[in-house]
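A.B. asks: My file is final-v7.cif. It has mmCIF, C-alpha atoms:
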```cif
data_entry
loop_
_atom_site.group_PDB
_atom_site.id
_atom_site.type_symbol
_atom_site.label_atom_id
_atom_site.label_comp_id
_atom_site.auth_asym_id
_atom_site.auth_seq_id
_atom_site.Cartn_x
_atom_site.Cartn_y
_atom_site.Cartn_z
ATOM 1 C CA MET A 874 18.646 10.927 -19.871
ATOM 2 C CA PRO A 875 20.789 12.547 -17.159
ATOM 3 C CA LEU A 876 24.329 13.684 -17.837
ATOM 4 C CA GLU A 877 26.183 12.709 -14.668
ATOM 5 C CA ALA A 878 29.517 11.883 -13.122
ATOM 6 C CA THR A 879 28.927 9.259 -10.444
ATOM 7 C CA MET A 880 31.199 8.120 -7.625
ATOM 8 C CA MET A 881 30.274 4.845 -5.924
ATOM 9 C CA ILE A 882 31.511 4.262 -2.375
ATOM 10 C CA ILE A 883 31.490 0.572 -1.495
ATOM 11 C CA ASP A 884 31.543 -1.059 1.925
ATOM 12 C CA ASN A 885 34.548 -3.357 2.383
ATOM 13 C CA SER A 886 34.305 -3.719 6.158
ATOM 14 C CA GLU A 887 34.460 -7.019 8.031
ATOM 15 C CA TYR A 888 30.648 -7.215 7.836
ATOM 16 C CA MET A 889 30.913 -7.885 4.088
ATOM 17 C CA ARG A 890 31.882 -11.488 4.861
ATOM 18 C CA ASN A 891 28.374 -12.224 6.183
ATOM 19 C CA GLY A 892 26.385 -14.780 4.229
ATOM 20 C CA ASP A 893 22.900 -13.295 4.652
ATOM 21 C CA TYR A 894 23.159 -12.493 0.930
ATOM 22 C CA ILE A 895 24.226 -15.304 -1.394
ATOM 23 C CA PRO A 896 27.108 -15.934 -1.597
ATOM 24 C CA SER A 897 28.106 -12.981 0.622
ATOM 25 C CA ARG A 898 27.286 -9.337 1.192
ATOM 26 C CA PHE A 899 30.368 -8.260 -0.734
ATOM 27 C CA GLU A 900 29.514 -10.349 -3.791
ATOM 28 C CA ALA A 901 25.922 -9.053 -3.788
ATOM 29 C CA GLN A 902 27.287 -5.508 -3.517
ATOM 30 C CA SER A 903 29.752 -6.136 -6.388
ATOM 31 C CA ASP A 904 26.908 -7.326 -8.615
ATOM 32 C CA ALA A 905 24.919 -4.176 -7.776
ATOM 33 C CA VAL A 906 27.941 -1.956 -8.528
ATOM 34 C CA LYS A 907 28.301 -3.493 -12.002
ATOM 35 C CA THR A 908 24.560 -3.066 -12.610
ATOM 36 C CA ILE A 909 24.685 0.627 -11.681
ATOM 37 C CA PHE A 910 27.758 1.199 -13.844
ATOM 38 C CA GLN A 911 26.188 -0.419 -16.898
ATOM 39 C CA THR A 912 22.895 1.447 -16.422
ATOM 40 C CA LYS A 913 24.678 4.809 -16.121
ATOM 41 C CA ILE A 914 26.821 4.250 -19.224
ATOM 42 C CA ASP A 915 23.875 2.924 -21.255
ATOM 43 C CA SER A 916 21.835 5.951 -20.213
ATOM 44 C CA ASN A 917 24.281 8.442 -21.697
ATOM 45 C CA PRO A 918 27.645 7.687 -23.328
ATOM 46 C CA GLU A 919 29.066 10.893 -21.830
ATOM 47 C CA ASN A 920 28.475 9.653 -18.268
ATOM 48 C CA THR A 921 31.408 8.548 -16.148
ATOM 49 C CA VAL A 922 31.549 6.325 -13.063
ATOM 50 C CA GLY A 923 34.180 5.917 -10.364
ATOM 51 C CA VAL A 924 34.607 3.485 -7.458
ATOM 52 C CA MET A 925 36.224 3.846 -4.032
ATOM 53 C CA THR A 926 36.230 1.965 -0.722
ATOM 54 C CA MET A 927 35.667 3.299 2.807
ATOM 55 C CA ALA A 928 36.937 0.630 5.232
ATOM 56 C CA ASN A 929 40.037 -1.527 5.848
ATOM 57 C CA LYS A 930 42.942 0.949 6.362
ATOM 58 C CA GLY A 931 40.792 3.878 5.277
ATOM 59 C CA PRO A 932 38.927 5.340 2.277
ATOM 60 C CA GLU A 933 40.712 4.692 -1.026
ATOM 61 C CA VAL A 934 39.877 5.770 -4.584
ATOM 62 C CA LEU A 935 40.165 2.829 -7.006
ATOM 63 C CA VAL A 936 38.704 4.187 -10.280
ATOM 64 C CA THR A 937 37.922 7.794 -11.262
ATOM 65 C CA HIS A 938 35.651 8.917 -14.088
ATOM 66 C CA SER A 939 35.724 5.737 -16.138
ATOM 67 C CA LYS A 940 33.572 4.377 -18.941
ATOM 68 C CA ASP A 941 35.305 0.998 -18.971
ATOM 69 C CA ILE A 942 33.519 -1.867 -17.181
ATOM 70 C CA GLY A 943 36.842 -3.725 -17.116
ATOM 71 C CA GLN A 944 38.340 -1.187 -14.733
ATOM 72 C CA ILE A 945 35.355 -1.549 -12.411
ATOM 73 C CA ILE A 946 35.587 -5.345 -12.373
ATOM 74 C CA LYS A 947 39.342 -5.162 -11.667
ATOM 75 C CA ALA A 948 38.772 -2.728 -8.800
ATOM 76 C CA LEU A 949 36.146 -5.028 -7.238
ATOM 77 C CA HIS A 950 38.510 -7.989 -7.545
ATOM 78 C CA VAL A 951 41.292 -6.080 -5.782
ATOM 79 C CA THR A 952 38.906 -4.973 -3.044
ATOM 80 C CA SER A 953 37.782 -8.550 -2.344
ATOM 81 C CA SER A 954 41.205 -9.148 -0.808
ATOM 82 C CA LYS A 955 41.028 -5.966 1.282
ATOM 83 C CA ILE A 956 37.969 -6.714 3.402
ATOM 84 C CA GLY A 957 38.290 -5.690 7.031
ATOM 85 C CA GLY A 958 38.001 -2.861 9.529
ATOM 86 C CA SER A 959 35.038 -0.499 9.853
ATOM 87 C CA ILE A 960 33.521 2.098 7.544
ATOM 88 C CA ASP A 961 34.197 5.851 7.642
ATOM 89 C CA ILE A 962 31.313 7.417 5.747
ATOM 90 C CA PRO A 963 31.984 11.158 6.295
ATOM 91 C CA THR A 964 35.643 10.925 5.195
ATOM 92 C CA ALA A 965 34.744 8.790 2.184
ATOM 93 C CA ILE A 966 32.045 11.236 1.070
ATOM 94 C CA ASN A 967 34.450 14.201 1.350
ATOM 95 C CA ILE A 968 37.023 12.374 -0.781
ATOM 96 C CA ALA A 969 34.354 11.401 -3.327
ATOM 97 C CA GLN A 970 33.212 15.016 -3.574
ATOM 98 C CA LEU A 971 36.799 16.112 -4.187
ATOM 99 C CA ALA A 972 37.161 13.507 -6.946
ATOM 100 C CA LEU A 973 33.955 14.708 -8.607
ATOM 101 C CA LYS A 974 35.110 18.298 -8.398
ATOM 102 C CA HIS A 975 38.041 17.435 -10.661
ATOM 103 C CA ARG A 976 35.924 15.800 -13.347
ATOM 104 C CA GLU A 977 36.967 16.680 -16.890
ATOM 105 C CA ASN A 978 33.484 17.520 -18.201
ATOM 106 C CA LYS A 979 32.087 20.230 -15.935
ATOM 107 C CA ASN A 980 28.678 19.842 -17.577
ATOM 108 C CA LEU A 981 28.236 16.511 -15.808
ATOM 109 C CA ARG A 982 26.084 16.692 -12.709
ATOM 110 C CA GLN A 983 27.635 15.227 -9.560
ATOM 111 C CA ARG A 984 26.295 12.158 -7.762
ATOM 112 C CA ILE A 985 27.593 9.950 -4.967
ATOM 113 C CA ILE A 986 26.134 6.483 -4.294
ATOM 114 C CA VAL A 987 27.067 5.008 -0.910
ATOM 115 C CA PHE A 988 26.656 1.321 -0.039
ATOM 116 C CA VAL A 989 26.199 0.761 3.698
ATOM 117 C CA GLY A 990 26.201 -2.857 4.872
ATOM 118 C CA SER A 991 27.523 -2.412 8.403
ATOM 119 C CA PRO A 992 26.542 -0.458 11.556
ATOM 120 C CA LEU A 993 27.133 3.300 11.609
ATOM 121 C CA GLN A 994 30.008 4.339 13.857
ATOM 122 C CA GLY A 995 31.694 7.548 14.934
ATOM 123 C CA GLN A 996 30.582 10.683 13.114
ATOM 124 C CA ALA A 997 28.426 8.596 10.786
ATOM 125 C CA ALA A 998 26.168 7.780 13.737
ATOM 126 C CA ASP A 999 25.945 11.453 14.781
ATOM 127 C CA GLU A 1000 22.876 12.861 13.053
ATOM 128 C CA ARG A 1001 23.842 16.485 13.656
ATOM 129 C CA GLU A 1002 27.274 16.053 12.053
ATOM 130 C CA MET A 1003 25.787 14.125 9.150
ATOM 131 C CA VAL A 1004 23.169 16.819 8.526
ATOM 132 C CA LYS A 1005 25.904 19.499 8.444
ATOM 133 C CA LEU A 1006 27.766 17.463 5.810
ATOM 134 C CA ALA A 1007 24.546 16.959 3.852
ATOM 135 C CA LYS A 1008 23.843 20.702 3.722
ATOM 136 C CA ARG A 1009 27.364 21.371 2.468
ATOM 137 C CA LEU A 1010 26.902 18.831 -0.319
ATOM 138 C CA LYS A 1011 23.574 20.368 -1.285
ATOM 139 C CA LYS A 1012 25.238 23.769 -1.495
ATOM 140 C CA ASN A 1013 27.787 22.299 -3.912
ATOM 141 C CA ASN A 1014 25.057 20.636 -6.012
ATOM 142 C CA VAL A 1015 26.092 17.080 -5.150
ATOM 143 C CA ALA A 1016 23.310 14.472 -5.041
ATOM 144 C CA VAL A 1017 23.739 11.524 -2.655
ATOM 145 C CA ASP A 1018 22.032 8.123 -2.711
ATOM 146 C CA PHE A 1019 22.326 5.548 0.067
ATOM 147 C CA VAL A 1020 21.853 1.804 -0.357
ATOM 148 C CA ALA A 1021 21.462 0.292 3.129
ATOM 149 C CA PHE A 1022 21.488 -3.508 3.220
ATOM 150 C CA GLY A 1023 22.016 -6.383 5.661
ATOM 151 C CA ASP A 1024 20.547 -7.495 8.997
ATOM 152 C CA GLY A 1025 19.308 -4.682 11.233
ATOM 153 C CA VAL A 1026 19.244 -2.233 8.320
ATOM 154 C CA GLU A 1027 16.043 -0.617 9.642
ATOM 155 C CA GLU A 1028 17.892 0.533 12.778
ATOM 156 C CA GLU A 1029 20.456 2.447 10.718
ATOM 157 C CA THR A 1030 18.142 4.331 8.389
ATOM 158 C CA ASN A 1031 17.125 7.230 10.666
ATOM 159 C CA VAL A 1032 20.460 9.047 10.349
ATOM 160 C CA LEU A 1033 20.732 8.206 6.658
ATOM 161 C CA LYS A 1034 17.187 9.432 6.015
ATOM 162 C CA ALA A 1035 17.961 12.734 7.738
ATOM 163 C CA PHE A 1036 21.083 13.018 5.573
ATOM 164 C CA VAL A 1037 19.142 12.398 2.361
ATOM 165 C CA ASP A 1038 16.365 14.810 3.354
ATOM 166 C CA ASN A 1039 18.911 17.603 3.862
ATOM 167 C CA THR A 1040 20.839 16.815 0.676
ATOM 168 C CA ALA A 1041 17.899 16.404 -1.678
ATOM 169 C CA ASN A 1042 17.280 19.153 -4.194
ATOM 170 C CA SER A 1043 14.186 18.553 -6.352
ATOM 171 C CA ASP A 1044 14.099 14.961 -5.130
ATOM 172 C CA ASN A 1045 17.527 14.132 -6.557
ATOM 173 C CA SER A 1046 18.724 12.074 -3.541
ATOM 174 C CA HIS A 1047 17.320 8.777 -2.303
ATOM 175 C CA LEU A 1048 17.572 6.129 0.390
ATOM 176 C CA VAL A 1049 16.948 2.481 -0.491
ATOM 177 C CA SER A 1050 16.834 -0.044 2.369
ATOM 178 C CA VAL A 1051 17.206 -3.698 1.414
ATOM 179 C CA PRO A 1052 16.914 -6.263 4.237
ATOM 180 C CA PRO A 1053 18.014 -9.833 3.461
ATOM 181 C CA GLY A 1054 15.552 -11.927 1.470
ATOM 182 C CA THR A 1055 15.035 -13.911 -1.691
ATOM 183 C CA HIS A 1056 15.465 -10.796 -3.861
ATOM 184 C CA LEU A 1057 18.771 -9.765 -5.421
ATOM 185 C CA LEU A 1058 20.324 -6.497 -4.293
ATOM 186 C CA SER A 1059 20.924 -5.470 -7.895
ATOM 187 C CA ASP A 1060 17.267 -6.144 -8.827
ATOM 188 C CA VAL A 1061 16.036 -3.920 -6.016
ATOM 189 C CA ILE A 1062 18.359 -1.087 -7.006
ATOM 190 C CA ILE A 1063 17.506 -1.187 -10.710
ATOM 191 C CA SER A 1064 13.811 -0.998 -9.777
ATOM 192 C CA SER A 1065 14.398 1.890 -7.354
ATOM 193 C CA PRO A 1066 14.343 5.686 -7.797
ATOM 194 C CA ILE A 1067 18.164 5.687 -7.778
ATOM 195 C CA LEU A 1068 18.210 4.512 -11.418
ATOM 196 C CA SER A 1069 14.711 5.549 -12.489
ATOM 197 C CA GLU A 1070 15.852 8.685 -14.311
ATOM 198 C CA ASP A 1071 18.617 6.761 -16.113
ATOM 199 C CA ARG A 1072 15.980 4.325 -17.357
ATOM 200 C CA GLY A 1073 13.647 7.117 -18.481
ATOM 201 C CA ILE A 1074 11.134 6.560 -15.683
ATOM 202 C CA PRO A 1075 9.989 9.528 -13.541
ATOM 203 C CA SER A 1076 11.035 9.169 -9.909
ATOM 204 C CA ASP A 1077 7.508 9.674 -8.580
ATOM 205 C CA ALA A 1078 6.289 6.784 -10.771
ATOM 206 C CA MET A 1079 8.587 4.361 -8.993
ATOM 207 C CA GLY A 1080 6.721 4.604 -5.666
ATOM 208 C CA ASP A 1081 8.494 3.969 -2.381
ATOM 209 C CA VAL A 1082 10.618 1.119 -3.713
ATOM 210 C CA GLY A 1083 13.103 -0.235 -1.254
ATOM 211 C CA GLY A 1084 11.579 1.710 1.606
ATOM 212 C CA ALA A 1085 11.002 0.075 4.952
ATOM 213 C CA SER A 1086 10.247 -3.230 3.338
ATOM 214 C CA GLY A 1087 13.071 -3.033 0.843
ATOM 215 C CA SER A 1088 11.601 -5.641 -1.451
ATOM 216 C CA GLY A 1089 12.098 -4.628 -5.047
ATOM 217 C CA GLY A 1090 8.732 -4.561 -6.766
ATOM 218 C CA ALA A 1091 6.773 -4.973 -3.515
ATOM 219 C CA ASN A 1092 5.352 -1.485 -4.006
ATOM 220 C CA PHE A 1093 4.503 -2.002 -7.673
ATOM 221 C CA GLU A 1094 1.010 -3.036 -8.638
ATOM 222 C CA PHE A 1095 0.835 -6.850 -8.443
ATOM 223 C CA GLY A 1096 4.465 -6.807 -7.188
ATOM 224 C CA VAL A 1097 5.810 -6.643 -10.774
ATOM 225 C CA ASP A 1098 7.828 -3.812 -12.300
ATOM 226 C CA PRO A 1099 6.047 -3.143 -15.620
ATOM 227 C CA SER A 1100 9.243 -1.746 -17.133
ATOM 228 C CA LEU A 1101 11.042 -5.047 -16.513
ATOM 229 C CA ASP A 1102 8.253 -7.429 -17.540
ATOM 230 C CA PRO A 1103 5.482 -5.503 -19.340
ATOM 231 C CA GLU A 1104 3.784 -8.652 -20.681
ATOM 232 C CA LEU A 1105 3.389 -10.180 -17.214
ATOM 233 C CA ALA A 1106 2.188 -6.879 -15.762
ATOM 234 C CA LEU A 1107 -0.383 -6.530 -18.576
ATOM 235 C CA ALA A 1108 -1.587 -10.119 -18.134
ATOM 236 C CA LEU A 1109 -2.018 -9.608 -14.388
ATOM 237 C CA ARG A 1110 -3.903 -6.352 -14.922
ATOM 238 C CA MET A 1111 -6.248 -7.953 -17.494
ATOM 239 C CA SER A 1112 -6.863 -10.875 -15.147
ATOM 240 C CA MET A 1113 -7.732 -8.495 -12.325
ATOM 241 C CA GLU A 1114 -10.091 -6.461 -14.538
ATOM 242 C CA GLU A 1115 -11.847 -9.625 -15.758
ATOM 243 C CA GLU A 1116 -12.312 -10.814 -12.192
ATOM 244 C CA GLN A 1117 -13.695 -7.428 -11.157
ATOM 245 C CA ALA A 1118 -16.124 -7.479 -14.122
ATOM 246 C CA ARG A 1119 -17.250 -11.010 -13.238
ATOM 247 C CA GLN A 1120 -17.868 -10.076 -9.614
ATOM 248 C CA ALA A 1121 -19.784 -6.948 -10.678
ATOM 249 C CA ALA A 1122 -21.972 -9.014 -13.041
ATOM 250 C CA GLU A 1123 -22.714 -11.548 -10.307
ATOM 251 C CA GLU A 1124 -23.635 -8.793 -7.901
ATOM 252 C CA GLN A 1125 -25.930 -7.157 -10.467
ATOM 253 C CA THR A 1126 -27.645 -10.497 -11.218
ATOM 254 C CA ARG A 1127 -28.107 -11.176 -7.532
ATOM 255 C CA GLN A 1128 -29.540 -7.707 -6.986
ATOM 256 C CA SER A 1129 -31.966 -8.078 -9.923
ATOM 257 C CA ALA A 1130 -33.184 -11.438 -8.632
ATOM 258 C CA THR A 1131 -33.757 -9.943 -5.200
ATOM 259 C CA ASP A 1132 -35.761 -7.032 -6.630
ATOM 260 C CA ALA A 1133 -37.902 -9.327 -8.858
ATOM 261 C CA GLN A 1134 -38.762 -11.797 -6.115
ATOM 262 C CA PRO A 1135 -42.161 -10.975 -4.491
ATOM 263 C CA GLN A 1136 -41.937 -10.071 -0.914
ATOM 264 C CA PRO A 1137 -43.295 -12.963 1.186
ATOM 265 C CA GLU A 1138 -46.458 -12.165 3.087
ATOM 266 C CA SER A 1139 -46.462 -12.517 6.764
ATOM 267 C CA ALA A 1140 -46.832 -16.162 7.755
ATOM 268 C CA GLY A 1141 -49.658 -15.157 9.997
ATOM 269 C CA VAL A 1142 -50.830 -12.653 12.425
ATOM 270 C CA ASP A 1143 -48.763 -12.670 15.525
ATOM 271 C CA LYS A 1144 -50.138 -14.063 18.736
ATOM 272 C CA ASP A 1145 -51.331 -10.710 20.122
ATOM 273 C CA ASP A 1146 -53.206 -9.921 16.917
ATOM 274 C CA GLU A 1147 -54.749 -13.412 16.898
ATOM 275 C CA ALA A 1148 -55.932 -12.969 20.457
ATOM 276 C CA MET A 1149 -57.474 -9.580 19.668
ATOM 277 C CA LEU A 1150 -59.173 -10.995 16.561
ATOM 278 C CA ALA A 1151 -60.639 -13.934 18.509
ATOM 279 C CA GLN A 1152 -61.920 -11.596 21.168
ATOM 280 C CA ALA A 1153 -63.526 -9.356 18.569
ATOM 281 C CA LEU A 1154 -65.226 -12.353 16.924
ATOM 282 C CA ALA A 1155 -66.530 -13.602 20.271
ATOM 283 C CA MET A 1156 -67.943 -10.194 21.112
ATOM 284 C CA SER A 1157 -69.564 -10.026 17.677
ATOM 285 C CA GLU A 1158 -71.190 -13.437 18.162
ATOM 286 C CA ARG A 1159 -72.351 -12.512 21.627
ATOM 287 C CA ASN A 1160 -73.904 -9.307 20.295
ATOM 288 C CA ASP A 1161 -75.695 -11.322 17.631
ATOM 289 C CA VAL A 1162 -77.141 -13.643 20.307
ATOM 290 C CA ASP A 1163 -78.251 -10.731 22.462
ATOM 291 C CA MET A 1164 -79.879 -9.037 19.522
ATOM 292 C CA GLY A 1165 -81.807 -12.261 18.713
ATOM 293 C CA GLU A 1166 -83.060 -12.614 22.265
ATOM 294 C CA GLU A 1167 -84.142 -8.982 22.340
ATOM 295 C CA GLN A 1168 -86.067 -9.497 19.098
ATOM 296 C CA ASP A 1169 -87.804 -12.610 20.570
ATOM 297 C CA GLU A 1170 -88.789 -10.687 23.683
ATOM 298 C CA ASP A 1171 -90.155 -7.838 21.596
ATOM 299 C CA MET A 1172 -92.269 -10.322 19.598
ATOM 300 C CA ASP A 1173 -93.703 -11.925 22.841
ATOM 301 C CA GLU A 1174 -94.743 -8.518 24.174
ATOM 302 C CA GLU A 1175 -96.480 -7.570 20.950
ATOM 303 C CA GLU A 1176 -98.445 -10.851 20.921
ATOM 304 C CA ALA A 1177 -99.456 -10.333 24.562
ATOM 305 C CA ILE A 1178 -100.691 -6.842 23.787
ATOM 306 C CA ALA A 1179 -102.544 -8.095 20.762
ATOM 307 C CA ARG A 1180 -104.278 -10.807 22.852
ATOM 308 C CA ALA A 1181 -105.108 -8.296 25.570
ATOM 309 C CA ILE A 1182 -106.712 -5.981 23.005
ATOM 310 C CA GLN A 1183 -108.714 -8.827 21.568
ATOM 311 C CA MET A 1184 -109.913 -9.920 25.024
ATOM 312 C CA SER A 1185 -110.847 -6.377 25.874
ATOM 313 C CA MET A 1186 -112.866 -6.013 22.666
ATOM 314 C CA LYS A 1187 -114.683 -9.298 23.327
ATOM 315 C CA GLN A 1188 -115.515 -8.155 26.849
ATOM 316 C CA GLU A 1189 -117.009 -4.927 25.559
ATOM 317 C CA GLU A 1190 -119.134 -6.801 22.988
ATOM 318 C CA LYS A 1191 -120.573 -9.042 25.711
ATOM 319 C CA GLU A 1192 -121.532 -6.111 27.875
ATOM 320 C CA GLN A 1193 -123.225 -4.360 24.998
ATOM 321 C CA GLY A 1194 -125.182 -7.536 24.098
ATOM 322 C CA GLY A 1195 -126.474 -7.931 27.635
ATOM 323 C CA GLN A 1196 -127.886 -4.460 27.686
#
```
How does this structure look as structure tokens?

C.D. replies:
Amino acid sequence: MPLEATMMIIDNSEYMRNGDYIPSRFEAQSDAVKTIFQTKIDSNPENTVGVMTMANKGPEVLVTHSKDIGQIIKALHVTSSKIGGSIDIPTAINIAQLALKHRENKNLRQRIIVFVGSPLQGQAADEREMVKLAKRLKKNNVAVDFVAFGDGVEEETNVLKAFVDNTANSDNSHLVSVPPGTHLLSDVIISSPILSEDRGIPSDAMGDVGGASGSGGANFEFGVDPSLDPELALALRMSMEEEQARQAAEEQTRQSATDAQPQPESAGVDKDDEAMLAQALAMSERNDVDMGEEQDEDMDEEEAIARAIQMSMKQEEKEQGGQ
């Protein structure tokens, strides 16, 4: 399990009042923050988690390097009354990095998790400036995860993706996009690569969870995270395998029946063949008739010759008798 000091930057801008997540974006974000905190602490008792905001009057650190869920809940409660203004991502990230730099246990790896539920503005919308900041964080061995949520989240991910790509070192930074839907923000995050290592699951085994679609579990086989509900995942897999076996058996039976069935003979000779056969039979019959007539003629000639010979012999006998 990773040994990390994590700083969570939450969005407390005016957009957090939107109700596209029940009951509001801020409440959904608060639930996700508590889920991340608990997962990090359960992963390793040496881990610490801090929380800060990035809107209203400006970025403000609320909790630094804590292991107490009570402090996190209190900070979220205080922030709920400080919703307003617009976010300042670059400034908030610089402050978070400074807070992580002063962590007590220097053996803890550094990680920043940023919640973005409002449009990017100012330097945050400038990809070149964001990439410069990302490279500086990578140089200081700081991993950064972004959780983008809310309407129009797909339009904001290009700059954030470029940031993550330039921060990532051995795939230690991630972007999870979560458009509004029936899923819970916390469920998507716990099933994403952001917390995969804390739960003992390799990042590459998580797939592209929370990518363009952002639906937690949509990229798992059967849409179910086997680590969350192994019995359901196993039942679905067995059902699929049984169905595949049944279909294969039906196909094999059908193929065997087709091979065993005698090939039907042609219903008859086609019309051209029939015509040729009739013509051949007619010619054969005609030849037989001609041959019969020729034989009759030959027999008539032979009889005539025989009669002529007989008459000639009788004539000769008469002449000899007269002499």

A.B. asks: Work out how far apart atom CA of A:Glu887 and atom CA of A:Ser959 are and give it in Å to one decimal.

C.D. replies: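 Separating atom CA of A:Glu887 from atom CA of A:Ser959 is a distance of 6.8 Å.
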
A.B. asks: Name all residues at most 12 Å from A:Asn891 (count all atoms listed in the file; drop same-chain ones fewer than 6 positions away) and give them as a list in words.

C.D. replies: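 Near neighbours after the sequence-gap exclusion: Asn885, Ser897, Arg898, Phe899, Glu900, Ala901, Gln902, Ile956, Gly957, Gly990, Ser991, Phe1022, Gly1023, Asp1024 and Pro1053 of chain A.
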
A.B. asks: Since I can't run it myself right now, could you work out what the PyMOL selection byres ((chain A and resi 932) around 10) selects here and report it as an MDAnalysis selection string?

C.D. replies: chainID A and resid 882:885 925:931 933:935 960:969

A.B. asks: Out of A:His975, A:Val987, A:Lys1005, A:Ser886, which residue has the shortest atom-to-atom distance to A:Gly958 when counting all atoms listed in the file?

C.D. replies: A:Ser886

A.B. asks: Evaluate the PyMOL selection byres ((chain A and resi 906) around 10) and record the selected residues as a PyMOL selection string, following the chain and residue labels used in the document.

C.D. replies: chain A and resi 881-883+900-905+907-912+924+945-946+949+986+988+1058-1059+1062

A.B. asks: Quick one: pull the distance between atom CA of A:Asp1018 and atom CA of A:Asp1060, Å, one decimal.

C.D. replies: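 We find that atom CA of A:Asp1018 and atom CA of A:Asp1060 lie 16.2 Å from each other.
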
A.B. asks: Pull the neighbourhood of (28.0, 21.9, -2.0) for me: all residues within 12 Å in file coordinates, counting only C-alpha atoms, as a list in words.

C.D. replies: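 Using only C-alpha atoms, the matching residues come out as Ile966, Asn967, Gln970, Leu971, Leu973, Lys974, Gln983, Arg984, Lys1005, Leu1006, Ala1007, Lys1008, Arg1009, Leu1010, Lys1011, Lys1012, Asn1013, Asn1014, Val1015, Ala1016, Val1017, Asn1039, Thr1040, Ala1041 and Asn1042 of chain A.
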
A.B. asks: Store the residues picked out above in a file with C-alpha atoms, as a CSV table (one decimal), in the frame of the given file.

C.D. replies:
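This is the output file result07.csv:
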```csv
chain,number,residue,atom,x,y,z
A,966,ILE,CA,32.0,11.2,1.1
A,967,ASN,CA,34.4,14.2,1.4
A,970,GLN,CA,33.2,15.0,-3.6
A,971,LEU,CA,36.8,16.1,-4.2
A,973,LEU,CA,34.0,14.7,-8.6
A,974,LYS,CA,35.1,18.3,-8.4
A,983,GLN,CA,27.6,15.2,-9.6
A,984,ARG,CA,26.3,12.2,-7.8
A,1005,LYS,CA,25.9,19.5,8.4
A,1006,LEU,CA,27.8,17.5,5.8
A,1007,ALA,CA,24.5,17.0,3.9
A,1008,LYS,CA,23.8,20.7,3.7
A,1009,ARG,CA,27.4,21.4,2.5
A,1010,LEU,CA,26.9,18.8,-0.3
A,1011,LYS,CA,23.6,20.4,-1.3
A,1012,LYS,CA,25.2,23.8,-1.5
A,1013,ASN,CA,27.8,22.3,-3.9
A,1014,ASN,CA,25.1,20.6,-6.0
A,1015,VAL,CA,26.1,17.1,-5.2
A,1016,ALA,CA,23.3,14.5,-5.0
A,1017,VAL,CA,23.7,11.5,-2.7
A,1039,ASN,CA,18.9,17.6,3.9
A,1040,THR,CA,20.8,16.8,0.7
A,1041,ALA,CA,17.9,16.4,-1.7
A,1042,ASN,CA,17.3,19.2,-4.2
```
